[in-house]
Amino acid sequence: MSRQDCRILSARFGRPDGHRLAVYQAAGGYQALRLVLAGMKPDEVIEVVKESGLRGRGGAGFPTGAKWSFVPKTADQVYFFVNADESEPGTFKDRYLLDYDPHQTIEGTIISAFAVRANLAFIYVRGEFGWLVDRVQRAVDEAYAAGFLGRNILGSGYDLEMIVHKGAGAYICGEETGLINSVTGTKGQPSIKPPFPAVSGFLGKPTIVNNVETVAAVPWIMLNGAAAYRGFGTEKSPGTKLWSVSGPVRRQGVYEVPLGLPFREFFRDDLGGMRDGEELKACIVGGSSVPVLTAEEILSCTLDYESLQQAGTMLGSGGMIIIPQSADMVELLKVLMHFYWDESCGQCTPCREGTGWLHRVTSKLLKGEAVAEDLALLERICDGMAGLTICPLADAAVMPVRSFLKRFRGEFAARIHETAAAGSPTRWARGE
Amino acid sequence: MEKPVIATDLELTDRSRQRIAALCARYPTRQSALMPCLWVIQDEHGWVPAAAVPYLVDALGVSEARVHELLTFYTMFRTEKPAKYVLQVCRNISCHLLGAREVIAHLEKRLGIRLGETTPDGRFALAGVECLGACGHGPVLQLGKHFYEQLTPARVDAILESLRRDVVPRADTDRLFEEDR
Ligand SMILES: Cc1cc2nc3c(=O)[nH]c(=O)nc-3n(C[C@H](O)[C@H](O)[C@H](O)COP(=O)(O)O)c2cc1C
Ligand code: SF4
Ligand code: FES
């Protein structure tokens, strides 16, 4: 099968005026919605999505149909949220989906909201994507004008309102409960689960949060069927995935490939390998929060949930960061720790304090002021954070630390200051 | 006892007032419209003046603390009048790998200020920010609603030179909008 045949989500990327309703409709857009509203029941839509094996593309890879089926059938009010907060370092695919083809996501959202019986949907776009908020809003306006949104959509009796909500600069609002809380007009701090949002979310009502890429796949699945979707990918990772690739490769960008593609092939054929004079050293395959792999490890992986898990990392958001030989791993880790420290919402002590410590100790290493105990200290800080917090941001900070230390220990050890002149780690970290 | 005057009235165009009323009607509760209402005010003023707080308390039925909570939690809301051009440069991992440090050093040199500072004439501010979702197009800087991508020192010079003449150069994220103008 040629690569061209795999363009389910990205078929209209780069097409002139691809963001316009007329262009989308000329390419078969909103046919899936017609099909669904003309004769399917919400549960039938859920069944098809379950059969397709579609897994959430926001990071956790949770099966989408199963998530939808957790919404209690007796609920009087259900909300649907599309997560376009896209703030995971290395990730820029949702931006492409909404920039080039906003109607695909809007159609997917309408069908998804119908499946869970929601009458109000939010598309939560990160605030930094100012131009994109306007673009999505225009597309939503077009969809209203064409009768795809609002009351009695296409005469089916189904009503759906859609609000484009603009974030205001907080990574943590990408976490689903943080996202929901943000729209209630409070700080976007995560809530403890359970209860899961599918049971009690926005304003205490059942709420489904899905990533842009997840809902964008829904129209194609409804039109072509679950079996056709399973025609791509592997048994446990069906379908296609968008990879956002950054770093010194020949061709950075967003690529849609079937899950299960060998990294080696993708790297060589699509990315064109490394730029002249650079050599592959490591790869963070699923956004900054997943464990780093060495070149050797990633070169033997296939790009799917199982293989990456076996290799000790995760598919995550598909934000693939390519790291060259010339990069300083200590410096990269420090850059990442600054991020998590900056973005911790501060309500859990292990995360608020732990991210600060990780940032301080990595800064110290970078400055050549660290002593031998500091590497063990980093590990101890991680032990005091992992699995002990309200949301997984603390784990997201721990995973890079542990994996960088494990795989590139030599580079860290080389930064240790031989003499004790820099003082004990504890004294230093207290700022004395 | 007479109610103490907390702040002078918020200046707001009728259009903004209508937008706020519409948001209150559209969101499921008035309180849930707080964030977009703050955006309406910031879009008009370029920042959120103190007088916005009692205004929103009144219009949305939220507590004063709630408004302050949002203003301090979200980094994009500004409670002080910002510089005319706030240049926000990403310094996260992908941009870092693609030369963000050199770009930042160049900006600092050209503007004569460090990250986090504003030029004495109040025209330029320079800020380091976290990943902007433009990782494959880095190094990147955000100015208002738009991104300038794949920056090099030469491109930085061209952007600054244009801004000094108060001409905002066409951004990379502008590219698909030409026909909508
Ligand atoms: C700290 C943190 C940040 C997150 N950021 C995002 C994000 O920017 N976009 C996203 O879709 N999911 C993000 N997630 C995952 C969401 O919590 C949620 O699992 C996802 O939106 C569900 O959608 P899916 O089932 O379609 O994957 C984040 C999670 C955490 C813990
Ligand atoms: S783990 Fe960190 S980001 Fe998540 S809720 Fe706790 S303090 Fe906030
Ligand atoms: S790392 Fe700079 S935009 Fe993502």
# chains A, B, ... in the order shown; residues from 1 in each chain; ligands from 1
$ residues_near_ligand --ligand "ligand 1" --cutoff "6 Å" --atoms "only C-alpha atoms and all ligand atoms" --output "count of residues only"
25
$ interface_residues --of "chain B" --to "chain A" --cutoff "6 Å" --atoms "only C-alpha atoms" --output "PyMOL selection string"
chain B and resi 31-32+34-35+70+74-76+94+131+133-136+145
$ residues_around --residues "Ala100 (chain B)" --least-positions-apart "3" --cutoff "12 Å" --atoms "only C-alpha atoms" --output "PyMOL selection string"
(chain A and resi 247+335) or (chain B and resi 88-97+103-107+128-131+135+137-141+149-153+156)
$ select_by_dssp --residues "region 31-125 of chain B" --states "strand (DSSP E or B)" --output "ChimeraX atom specification"
/B:85-90,118,124-125
$ select_by_dssp --residues "region 26-97 of chain B" --states "alpha helix (DSSP H)" --output "ChimeraX atom specification"
/B:26,34-45,52-60,64-73,93-97
$ atom_distance --atom1 "CA of Phe148 (chain A)" --atom2 "CA of Thr109 (chain A)"
11.1 Å
$ atom_distance --atom1 "CA of Ile111 (chain A)" --atom2 "CA of Ile46 (chain A)"
9.9 Å
$ atom_distance --atom1 "CA of Thr207 (chain A)" --atom2 "CA of Ala25 (chain B)"
20.8 Å
$ residues_around --residues "Ile153 (chain A)" --least-positions-apart "5" --cutoff "10 Å" --atoms "only C-alpha atoms" --output "list of chain:residue names"
A:Leu33, A:Arg34, A:Leu37, A:Ile110, A:Tyr144, A:Ala146, A:Gly147, A:Phe148, A:Tyr158, A:Asp159, A:Leu160
$ write_last_selection --atoms "C-alpha atoms" --output "short mmCIF file (atom, residue, chain, number, x, y, z; two decimals), in the first residue's frame"
data_model
loop_
_atom_site.label_atom_id
_atom_site.label_comp_id
_atom_site.auth_asym_id
_atom_site.auth_seq_id
_atom_site.Cartn_x
_atom_site.Cartn_y
_atom_site.Cartn_z
CA LEU A 33 -22.87 13.48 9.48
CA ARG A 34 -25.76 13.06 7.03
CA LEU A 37 -28.23 11.57 11.47
CA ILE A 110 -20.84 16.80 15.97
CA TYR A 144 -24.09 27.00 11.79
CA ALA A 146 -25.25 25.59 6.70
CA GLY A 147 -27.48 23.95 9.30
CA PHE A 148 -24.87 21.50 10.64
CA TYR A 158 -30.83 16.56 17.21
CA ASP A 159 -29.66 19.90 18.68
CA LEU A 160 -26.05 20.86 19.26
#
$ residues_around --residues "Pro82 (chain B)" --least-positions-apart "6" --cutoff "8 Å" --atoms "only C-alpha atoms" --output "number ranges by chain"
B: 46-47, 125
